[in-house]
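Following: one structure in C-alpha cells, then a few remarks.
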Amino acid sequence: QLIGNTLYVANTGNIMQYAYQPGETRISAPGKELADLPNTINHHWTKALLASPDGKKLYVGVGSNSNITENGLAVEYRRAAVLEVDTASGASRIFASGLRNPTGLQWEPHSGKLWAIVNERDEIGADLVPDYLTSVQDGGFYGWPYSYFGQHVDRRVQPARPDRVAKAIKPDYALSSHVAPLGLLFYTASALPAEYRGGAFVSEHGSWDRSPLNGYRVSYVAFEQGKPVGKLKAVVTGFVSDDEKELYGAPVGLAIDKTGALLVADDVGNTVWRVSAK
C-alpha cells in the first residue's frame, strides 16, 4: 500500500515501511517496522492491507488461527478482525471483529464505507457456510465463532455465547460456500463494458474440501447506491478441467491497470491475467 513516498507491506507478523520513488522496480533498503501483527500460524497467515483516503490509518485484515477456536481463545487475540493502525505512531486497535478471515479490503466508492470479503468456517457440509461480501462497521461484530451469517448459532462452539450472538451483524451479500474469496475490487474505470462498471469484482480462489468443486473464478456483483444487487455473475472461468481432475489456476489479487483493464493474479498458474473489453 503506497502513501505518498512510503510503501507499506503487511507481512505475516508485522507491517513494514519502505521509502519509494515512482519508477523504482526493486527495494534494497532494509525498511523499518511500523507495527506488529498476530503471527502464530495454524490457519490464516496472509494479511490484507488498505490505507484510509487521507493516509493517516491503515486497515489490516487478520484471519483466525483456527476453524472454530479449537485451538483455544488465547491464540485468537487480535485475530478474526480488521485492525486499524495509525501510520504516525504504529498504535493499533480492533476496528471490527467476528470476521473469520477478512480479505480484499476496499473502499466502496459511492458510500465511502469499508468493505471486505470473508472466508467462513468449514466442516458443516458442502453447502455451509457461505463466504460473504460485506460492509465493515466500526465496532461491529460479525458472529465468528459463535454464529454465522448473522445469528445462525454454531453449536459446535462451547461455551455458547448468546450475548455475543445477539450482537452479530448479518453480512450484506452471500457468496457461495467454500469459494475462498481472496480479492475484491470496486471497478471505477470506464474501459470495460458498461455492465461491469460501478460494482465489485471478486476473485474466488476455490474450495479445497468440497465436491463438486466451487469457486476458481472471478465474479462480478453489481452495486446500486452503495449496495450489492442481483446475482453474482461469472466473468473469468476455465481454471478447472471439466472432470475436475486438473487445476490450471486459482485467482487471488485484483487490480486495475492504467488503461482500465482488469488484472488478475493467479497463484496456481503463476500468472497475471489481463482482462480487457476487447
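Every chain in the C-alpha cells has a letter given in the order shown (A, B, ...), and although residue numbers restart at 1 in each chain, ligands are simply numbered from 1 in the order shown.
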
Residue list (strand (DSSP E), DSSP) for region 79-157 of chain A, as a short mmCIF file (atom, residue, chain, number, x, y, z; two decimals) with all heavy atoms, in the first residue's frame:
data_model
loop_
_atom_site.label_atom_id
_atom_site.label_comp_id
_atom_site.auth_asym_id
_atom_site.auth_seq_id
_atom_site.Cartn_x
_atom_site.Cartn_y
_atom_site.Cartn_z
N ALA A 81 -10.37 -10.39 12.73
CA ALA A 81 -10.70 -8.99 12.93
C ALA A 81 -10.09 -8.13 11.84
O ALA A 81 -9.19 -8.56 11.11
CB ALA A 81 -10.19 -8.52 14.31
N VAL A 82 -10.58 -6.90 11.76
CA VAL A 82 -9.92 -5.85 10.99
C VAL A 82 -9.31 -4.89 12.00
O VAL A 82 -10.02 -4.35 12.86
CB VAL A 82 -10.90 -5.11 10.06
CG1 VAL A 82 -10.21 -3.92 9.40
CG2 VAL A 82 -11.45 -6.06 9.00
N LEU A 83 -7.99 -4.71 11.93
CA LEU A 83 -7.30 -3.79 12.82
C LEU A 83 -7.14 -2.44 12.14
O LEU A 83 -6.97 -2.36 10.92
CB LEU A 83 -5.92 -4.33 13.19
CG LEU A 83 -5.85 -5.73 13.81
CD1 LEU A 83 -4.39 -6.08 14.14
CD2 LEU A 83 -6.72 -5.84 15.04
N GLU A 84 -7.17 -1.39 12.92
CA GLU A 84 -6.88 -0.04 12.44
C GLU A 84 -5.54 0.39 13.02
O GLU A 84 -5.35 0.36 14.24
CB GLU A 84 -7.97 0.93 12.86
CG GLU A 84 -7.76 2.36 12.35
CD GLU A 84 -8.78 3.32 12.93
OE1 GLU A 84 -8.66 3.68 14.13
OE2 GLU A 84 -9.71 3.70 12.21
N VAL A 85 -4.60 0.78 12.16
CA VAL A 85 -3.24 1.12 12.58
C VAL A 85 -2.95 2.57 12.22
O VAL A 85 -3.17 2.99 11.08
CB VAL A 85 -2.20 0.20 11.92
CG1 VAL A 85 -0.79 0.55 12.39
CG2 VAL A 85 -2.51 -1.27 12.22
N ASP A 86 -2.46 3.34 13.19
CA ASP A 86 -2.09 4.73 12.96
C ASP A 86 -0.74 4.78 12.26
O ASP A 86 0.24 4.21 12.74
CB ASP A 86 -2.04 5.47 14.30
CG ASP A 86 -1.73 6.93 14.14
OD1 ASP A 86 -2.61 7.68 13.74
OD2 ASP A 86 -0.57 7.32 14.42
N SER A 92 -2.38 0.53 17.33
CA SER A 92 -3.48 -0.15 16.65
C SER A 92 -4.64 -0.42 17.60
O SER A 92 -4.47 -0.44 18.81
CB SER A 92 -3.01 -1.47 16.03
OG SER A 92 -2.63 -2.39 17.03
N ARG A 93 -5.80 -0.64 16.99
CA ARG A 93 -7.00 -1.03 17.74
C ARG A 93 -7.82 -1.97 16.87
O ARG A 93 -7.63 -2.03 15.65
CB ARG A 93 -7.84 0.18 18.13
CG ARG A 93 -8.57 0.85 16.96
CD ARG A 93 -9.39 2.06 17.40
NE ARG A 93 -10.08 2.69 16.29
CZ ARG A 93 -11.36 2.51 15.99
NH1 ARG A 93 -12.11 1.68 16.73
NH2 ARG A 93 -11.93 3.14 14.98
N ILE A 94 -8.72 -2.72 17.51
CA ILE A 94 -9.62 -3.58 16.76
C ILE A 94 -10.75 -2.72 16.21
O ILE A 94 -11.50 -2.11 16.97
CB ILE A 94 -10.17 -4.71 17.63
CG1 ILE A 94 -9.03 -5.65 18.04
CG2 ILE A 94 -11.26 -5.49 16.89
CD1 ILE A 94 -9.45 -6.74 19.01
N PHE A 95 -10.85 -2.64 14.89
CA PHE A 95 -11.89 -1.84 14.23
C PHE A 95 -13.20 -2.61 14.15
O PHE A 95 -14.27 -2.08 14.41
CB PHE A 95 -11.40 -1.45 12.83
CG PHE A 95 -12.36 -0.60 12.05
CD1 PHE A 95 -12.43 0.77 12.25
CD2 PHE A 95 -13.19 -1.17 11.10
CE1 PHE A 95 -13.31 1.56 11.54
CE2 PHE A 95 -14.08 -0.39 10.36
CZ PHE A 95 -14.14 0.98 10.59
N ALA A 96 -13.12 -3.90 13.78
CA ALA A 96 -14.29 -4.78 13.71
C ALA A 96 -13.84 -6.20 14.00
O ALA A 96 -12.69 -6.56 13.74
CB ALA A 96 -14.96 -4.69 12.35
N SER A 97 -14.74 -7.03 14.52
CA SER A 97 -14.36 -8.38 14.94
C SER A 97 -15.41 -9.40 14.50
O SER A 97 -16.44 -9.05 13.93
CB SER A 97 -14.19 -8.42 16.46
OG SER A 97 -15.42 -8.08 17.11
N PRO A 102 -11.00 -11.99 7.08
CA PRO A 102 -11.36 -10.87 6.20
C PRO A 102 -10.22 -10.54 5.24
O PRO A 102 -9.09 -10.28 5.65
CB PRO A 102 -11.58 -9.72 7.20
CG PRO A 102 -10.69 -10.06 8.37
CD PRO A 102 -10.61 -11.55 8.42
N THR A 103 -10.52 -10.58 3.95
CA THR A 103 -9.51 -10.32 2.93
C THR A 103 -10.03 -9.25 1.97
O THR A 103 -11.16 -8.78 2.09
CB THR A 103 -9.18 -11.60 2.14
OG1 THR A 103 -10.36 -12.04 1.47
CG2 THR A 103 -8.70 -12.70 3.07
N GLY A 104 -9.19 -8.85 1.03
CA GLY A 104 -9.65 -7.96 -0.03
C GLY A 104 -10.29 -6.67 0.44
O GLY A 104 -11.32 -6.26 -0.10
N LEU A 105 -9.73 -6.01 1.44
CA LEU A 105 -10.33 -4.77 1.94
C LEU A 105 -10.34 -3.69 0.86
O LEU A 105 -9.36 -3.50 0.15
CB LEU A 105 -9.54 -4.26 3.16
CG LEU A 105 -9.41 -5.22 4.34
CD1 LEU A 105 -8.53 -4.60 5.42
CD2 LEU A 105 -10.77 -5.57 4.91
N GLN A 106 -11.48 -2.97 0.76
CA GLN A 106 -11.62 -1.93 -0.24
C GLN A 106 -12.59 -0.85 0.26
O GLN A 106 -13.46 -1.12 1.08
CB GLN A 106 -12.17 -2.50 -1.56
CG GLN A 106 -11.20 -3.37 -2.32
CD GLN A 106 -10.21 -2.57 -3.14
OE1 GLN A 106 -10.55 -1.98 -4.16
NE2 GLN A 106 -8.97 -2.55 -2.67
N TRP A 107 -12.45 0.36 -0.29
CA TRP A 107 -13.42 1.42 -0.03
C TRP A 107 -14.48 1.39 -1.13
O TRP A 107 -14.15 1.42 -2.32
CB TRP A 107 -12.75 2.80 -0.01
CG TRP A 107 -11.69 2.93 1.04
CD1 TRP A 107 -10.34 2.98 0.85
CD2 TRP A 107 -11.90 3.00 2.45
NE1 TRP A 107 -9.70 3.07 2.06
CE2 TRP A 107 -10.62 3.09 3.06
CE3 TRP A 107 -13.03 3.01 3.27
CZ2 TRP A 107 -10.45 3.18 4.45
CZ3 TRP A 107 -12.86 3.08 4.65
CH2 TRP A 107 -11.60 3.17 5.23
N LEU A 114 -15.97 1.11 4.30
CA LEU A 114 -15.04 0.00 4.19
C LEU A 114 -15.81 -1.29 3.92
O LEU A 114 -16.81 -1.58 4.58
CB LEU A 114 -14.24 -0.14 5.49
CG LEU A 114 -13.19 -1.25 5.55
CD1 LEU A 114 -12.09 -1.02 4.54
CD2 LEU A 114 -12.61 -1.36 6.96
N TRP A 115 -15.34 -2.06 2.94
CA TRP A 115 -15.93 -3.37 2.62
C TRP A 115 -14.84 -4.43 2.65
O TRP A 115 -13.66 -4.13 2.50
CB TRP A 115 -16.58 -3.34 1.23
CG TRP A 115 -17.94 -2.69 1.24
CD1 TRP A 115 -18.21 -1.36 1.45
CD2 TRP A 115 -19.19 -3.33 1.03
NE1 TRP A 115 -19.56 -1.15 1.38
CE2 TRP A 115 -20.19 -2.33 1.12
CE3 TRP A 115 -19.58 -4.64 0.75
CZ2 TRP A 115 -21.54 -2.62 0.96
CZ3 TRP A 115 -20.93 -4.93 0.60
CH2 TRP A 115 -21.91 -3.93 0.70
N ALA A 116 -15.28 -5.67 2.85
CA ALA A 116 -14.36 -6.81 2.87
C ALA A 116 -15.06 -8.03 2.32
O ALA A 116 -16.30 -8.11 2.28
CB ALA A 116 -13.88 -7.10 4.29
N ILE A 117 -14.26 -9.00 1.89
CA ILE A 117 -14.77 -10.35 1.62
C ILE A 117 -14.24 -11.24 2.73
O ILE A 117 -13.13 -11.05 3.22
CB ILE A 117 -14.33 -10.85 0.24
CG1 ILE A 117 -12.88 -10.45 -0.05
CG2 ILE A 117 -15.25 -10.36 -0.85
CD1 ILE A 117 -12.35 -10.96 -1.36
N VAL A 118 -15.06 -12.22 3.13
CA VAL A 118 -14.72 -13.02 4.31
C VAL A 118 -14.85 -14.51 3.99
O VAL A 118 -15.85 -14.96 3.43
CB VAL A 118 -15.63 -12.65 5.50
CG1 VAL A 118 -15.32 -13.55 6.70
CG2 VAL A 118 -15.43 -11.18 5.88
N PRO A 130 -21.84 -20.01 3.82
CA PRO A 130 -21.48 -19.14 2.69
C PRO A 130 -20.40 -18.14 3.05
O PRO A 130 -20.47 -17.48 4.09
CB PRO A 130 -22.81 -18.44 2.36
CG PRO A 130 -23.62 -18.52 3.62
CD PRO A 130 -23.22 -19.82 4.27
N ASP A 131 -19.37 -18.05 2.20
CA ASP A 131 -18.46 -16.91 2.29
C ASP A 131 -19.25 -15.67 1.90
O ASP A 131 -20.31 -15.77 1.28
CB ASP A 131 -17.27 -17.13 1.36
CG ASP A 131 -16.45 -18.35 1.74
OD1 ASP A 131 -16.35 -18.65 2.94
OD2 ASP A 131 -15.93 -19.02 0.83
N TYR A 132 -18.73 -14.48 2.25
CA TYR A 132 -19.57 -13.31 2.02
C TYR A 132 -18.79 -12.05 1.72
O TYR A 132 -17.58 -11.96 1.94
CB TYR A 132 -20.53 -13.10 3.19
CG TYR A 132 -19.90 -12.90 4.55
CD1 TYR A 132 -19.45 -11.64 4.97
CD2 TYR A 132 -19.78 -13.95 5.45
CE1 TYR A 132 -18.91 -11.44 6.23
CE2 TYR A 132 -19.24 -13.77 6.72
CZ TYR A 132 -18.80 -12.50 7.11
OH TYR A 132 -18.26 -12.31 8.36
N LEU A 133 -19.55 -11.07 1.23
CA LEU A 133 -19.09 -9.72 0.93
C LEU A 133 -19.88 -8.79 1.82
O LEU A 133 -21.11 -8.88 1.88
CB LEU A 133 -19.37 -9.42 -0.55
CG LEU A 133 -19.26 -7.99 -1.07
CD1 LEU A 133 -17.82 -7.52 -1.04
CD2 LEU A 133 -19.81 -7.92 -2.50
N THR A 134 -19.20 -7.90 2.55
CA THR A 134 -19.94 -7.06 3.49
C THR A 134 -19.26 -5.73 3.75
O THR A 134 -18.03 -5.62 3.65
CB THR A 134 -20.14 -7.80 4.83
OG1 THR A 134 -21.09 -7.07 5.64
CG2 THR A 134 -18.83 -7.92 5.61
N SER A 135 -20.07 -4.74 4.08
CA SER A 135 -19.53 -3.51 4.64
C SER A 135 -19.05 -3.83 6.05
O SER A 135 -19.55 -4.75 6.70
CB SER A 135 -20.59 -2.41 4.67
OG SER A 135 -21.74 -2.84 5.39
N SER A 147 -21.58 -17.66 15.86
CA SER A 147 -22.66 -17.77 14.89
C SER A 147 -22.14 -17.43 13.52
O SER A 147 -21.05 -16.86 13.37
CB SER A 147 -23.83 -16.84 15.27
OG SER A 147 -23.43 -15.47 15.18
N TYR A 148 -22.93 -17.75 12.50
CA TYR A 148 -22.55 -17.45 11.12
C TYR A 148 -23.70 -16.78 10.38
O TYR A 148 -24.86 -17.02 10.67
CB TYR A 148 -22.07 -18.70 10.38
CG TYR A 148 -23.06 -19.85 10.32
CD1 TYR A 148 -24.02 -19.91 9.31
CD2 TYR A 148 -23.03 -20.87 11.27
CE1 TYR A 148 -24.92 -20.96 9.24
CE2 TYR A 148 -23.92 -21.92 11.21
CZ TYR A 148 -24.87 -21.97 10.19
OH TYR A 148 -25.77 -23.00 10.14
N HIS A 152 -27.14 -17.30 13.05
CA HIS A 152 -27.25 -18.76 12.96
C HIS A 152 -26.20 -19.36 13.88
O HIS A 152 -25.01 -19.33 13.60
CB HIS A 152 -27.03 -19.23 11.53
CG HIS A 152 -28.05 -18.71 10.56
ND1 HIS A 152 -29.26 -19.33 10.34
CD2 HIS A 152 -28.05 -17.61 9.77
CE1 HIS A 152 -29.95 -18.65 9.45
NE2 HIS A 152 -29.24 -17.59 9.09
N VAL A 153 -26.64 -19.93 14.98
CA VAL A 153 -25.72 -20.40 16.03
C VAL A 153 -24.94 -21.63 15.56
O VAL A 153 -25.50 -22.56 14.97
CB VAL A 153 -26.51 -20.74 17.30
CG1 VAL A 153 -25.59 -21.35 18.37
CG2 VAL A 153 -27.19 -19.49 17.85
#

Exercise for review: Write out as a list in words which residues come within 9 Å of Gly13 (chain A) when counting only C-alpha atoms, dropping same-chain ones fewer than 6 positions away.
Suggested key: Ala35, Asp36, Leu37, Pro38, Asn39, Thr40, Trp45 and Lys47 of chain A

Exercise for review: Rank nothing, just name the residue among A:Leu213, A:Ile68, A:Leu262, A:Val202 nearest to Trp144 (chain A), using only C-alpha atoms.
Suggested key: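 For Trp144 (chain A), the nearest of the given residues is A:Ile68.
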
Check your understanding: Given the choices A:Ile3, A:Ala261, A:Val157, A:Ile256, which gets closest to Gln21 (chain A) if the distance is worked out from only C-alpha atoms?
Key ->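 Answer, going by the shortest atom-to-atom distance: A:Ile3.
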